[in-house]
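A.B. asks: Can you keep this structure in mind? I'll have questions shortly.
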Amino acid sequence: QVQLVESGGGLVQAGDSLRLSCVASESTFNNYAVAWFRQAPGKERDFVAAISRTGGYNTHYTDDVKGRFAISRDNAKNTAYLQMNNLKPEDTAVYYCAADYRPGGGFSTERLAYESWGQGTQVTVSF
């Protein structure tokens, strides 16, 4: 497993942008697929976006965030990002970074596939 630390959350207004960061503890980070999940109060932890070990265009998003969010990674910095634009109040949640060891590539959208998790960062979007 790899240790993950998220940052970048905060309180913003609708229409604003935020960039979340997820820093991994190991240089083998480039063997991991990375995903972002979010959990609103009283709800399940839901998939947001995923990116394969090589990054680039090997990404996938839930329909709710397509065109507004962008996942990326910089393996040289052991860091993944989630750029969130045009935020809406319904985006309010704790956002979690997760990593899944996949040296062969690809990624999953299933929460149970990910063996490493960060502590989460709160994103609150006001009207």
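Each chain in the structure tokens gets a letter, A, B and so on, in the order shown; residues start at 1 in every chain, and ligands are counted from 1 in the order they appear.
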Identify, on the basis of only C-alpha atoms, every residue whose closest approach to stretch 20-36 of chain A does not exceed 6 Å; exclude the query and any residue fewer than 2 positions from it along the same chain; express the result as a list in words.
C.D. replies: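 Residues meeting the cut-off are Gln3, Leu4, Val5, Glu6, Ser7, Gly8, Val48, Ala49, Ala50, Ile51, Ser52, Arg53, Asn75, Asn78, Thr79, Ala80, Tyr81, Leu82, Tyr96, Cys97, Ala98, Ala99, Asp100, Tyr101, Arg102, Pro103 and Phe107 of chain A.
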A.B. asks: Looking only at strand (DSSP E) from DSSP on the backbone, list the matching residues of stretch 49-82 of chain A as number ranges by chain.
C.D. replies: A: 49-51, 59-61, 69-74, 79-82
A.B. asks: With distances taken over only C-alpha atoms, which of A:Asp63, A:Asp16, A:Glu110, A:Glu90 is nearest to A:Phe47?
C.D. replies: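 With only C-alpha atoms as the atom set, the closest residue is A:Glu110.
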A.B. asks: So that I can check the surroundings of A:Arg19, please list as a ChimeraX atom specification every protein, DNA and RNA residue that reaches within 12 Å of it, counting only C-alpha atoms and ignoring chain neighbours fewer than 6 positions away.
C.D. replies: /A:6-10,12,68-72,80-87,95,121,123
A.B. asks: Go ahead and save the picked residues with N, CA, C and O atoms, as a CSV table (one decimal), in the first residue's frame.
C.D. replies:
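That gives us result_12.csv:
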chain,number,residue,atom,x,y,z
A,6,GLU,N,-4.2,14.2,1.0
A,6,GLU,CA,-4.9,15.2,0.1
A,6,GLU,C,-4.8,16.6,0.7
A,6,GLU,O,-4.6,16.7,1.9
A,7,SER,N,-4.9,17.5,-0.1
A,7,SER,CA,-5.0,18.9,0.3
A,7,SER,C,-5.7,19.7,-0.8
A,7,SER,O,-5.9,19.2,-1.9
A,8,GLY,N,-6.0,21.0,-0.4
A,8,GLY,CA,-6.6,21.9,-1.4
A,8,GLY,C,-8.1,22.1,-1.3
A,8,GLY,O,-8.7,22.9,-2.0
A,9,GLY,N,-8.8,21.5,-0.3
A,9,GLY,CA,-10.2,21.7,-0.1
A,9,GLY,C,-10.4,23.1,0.5
A,9,GLY,O,-9.5,23.8,0.9
A,10,GLY,N,-11.7,23.4,0.6
A,10,GLY,CA,-12.0,24.7,1.2
A,10,GLY,C,-13.5,25.1,1.0
A,10,GLY,O,-14.3,24.3,0.5
A,12,VAL,N,-15.9,27.6,-0.9
A,12,VAL,CA,-16.0,28.5,-2.1
A,12,VAL,C,-17.4,28.7,-2.4
A,12,VAL,O,-18.3,28.1,-1.9
A,68,ARG,N,-16.5,19.6,-16.2
A,68,ARG,CA,-16.2,20.6,-15.1
A,68,ARG,C,-14.9,20.2,-14.4
A,68,ARG,O,-14.2,21.1,-13.9
A,69,PHE,N,-14.7,18.9,-14.2
A,69,PHE,CA,-13.6,18.4,-13.4
A,69,PHE,C,-12.5,17.8,-14.4
A,69,PHE,O,-12.9,17.2,-15.4
A,70,ALA,N,-11.3,17.8,-13.9
A,70,ALA,CA,-10.2,17.2,-14.7
A,70,ALA,C,-9.2,16.5,-13.8
A,70,ALA,O,-8.7,17.2,-12.9
A,71,ILE,N,-9.0,15.3,-14.0
A,71,ILE,CA,-8.0,14.5,-13.2
A,71,ILE,C,-6.7,14.5,-14.0
A,71,ILE,O,-6.7,14.3,-15.2
A,72,SER,N,-5.6,14.6,-13.2
A,72,SER,CA,-4.3,14.5,-13.9
A,72,SER,C,-3.3,14.0,-12.8
A,72,SER,O,-3.6,13.9,-11.7
A,80,ALA,N,-1.1,13.4,-7.7
A,80,ALA,CA,-2.3,13.5,-8.6
A,80,ALA,C,-3.1,14.7,-8.2
A,80,ALA,O,-3.0,15.2,-7.1
A,81,TYR,N,-3.9,15.1,-9.2
A,81,TYR,CA,-4.7,16.4,-9.0
A,81,TYR,C,-6.1,16.2,-9.4
A,81,TYR,O,-6.4,15.3,-10.3
A,82,LEU,N,-7.0,17.0,-8.9
A,82,LEU,CA,-8.4,17.1,-9.4
A,82,LEU,C,-8.7,18.5,-9.5
A,82,LEU,O,-8.9,19.2,-8.5
A,83,GLN,N,-8.7,19.0,-10.7
A,83,GLN,CA,-9.1,20.4,-11.0
A,83,GLN,C,-10.6,20.4,-11.1
A,83,GLN,O,-11.2,19.7,-11.9
A,84,MET,N,-11.2,21.3,-10.3
A,84,MET,CA,-12.7,21.4,-10.2
A,84,MET,C,-13.1,22.8,-10.6
A,84,MET,O,-12.8,23.7,-9.9
A,85,ASN,N,-13.8,22.9,-11.7
A,85,ASN,CA,-14.3,24.2,-12.2
A,85,ASN,C,-15.8,24.3,-12.1
A,85,ASN,O,-16.5,23.3,-12.1
A,86,ASN,N,-16.3,25.5,-12.1
A,86,ASN,CA,-17.7,25.7,-12.1
A,86,ASN,C,-18.4,24.9,-11.0
A,86,ASN,O,-19.4,24.1,-11.3
A,87,LEU,N,-17.9,25.0,-9.8
A,87,LEU,CA,-18.4,24.2,-8.7
A,87,LEU,C,-19.9,24.5,-8.4
A,87,LEU,O,-20.3,25.7,-8.5
A,95,TYR,N,-13.7,14.8,-0.1
A,95,TYR,CA,-13.1,14.2,-1.3
A,95,TYR,C,-11.9,13.4,-0.9
A,95,TYR,O,-11.0,13.8,-0.1
A,121,THR,N,-10.4,15.5,2.2
A,121,THR,CA,-10.3,16.9,2.3
A,121,THR,C,-11.7,17.5,2.0
A,121,THR,O,-12.4,17.1,1.1
A,123,VAL,N,-14.7,19.8,0.8
A,123,VAL,CA,-15.0,20.8,-0.2
A,123,VAL,C,-16.4,21.3,0.1
A,123,VAL,O,-17.3,20.4,0.1
A.B. asks: Would you list, as a count of residues only, the residues of stretch 50-98 of chain A that end up in helix (DSSP H, G or I) under DSSP run on this structure's backbone?
C.D. replies: 9
A.B. asks: Which of these, A:Thr109, A:Pro41, A:Glu115, A:Gly120, has the shortest distance to A:Tyr61 once you count only C-alpha atoms?
C.D. replies: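 Of A:Thr109, A:Pro41, A:Glu115, A:Gly120, the one nearest A:Tyr61, counting only C-alpha atoms, is A:Thr109.
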A.B. asks: Would you mind reading off the distance between atom CA of A:Phe37 and atom CA of A:Thr124, one decimal, in Å?
C.D. replies: 14.9 Å
A.B. asks: Between atom CA of A:Pro89 and atom CA of A:Gly118, what is the distance, to one decimal in Å?
C.D. replies: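 Interatomic distance here is 23.1 Å.
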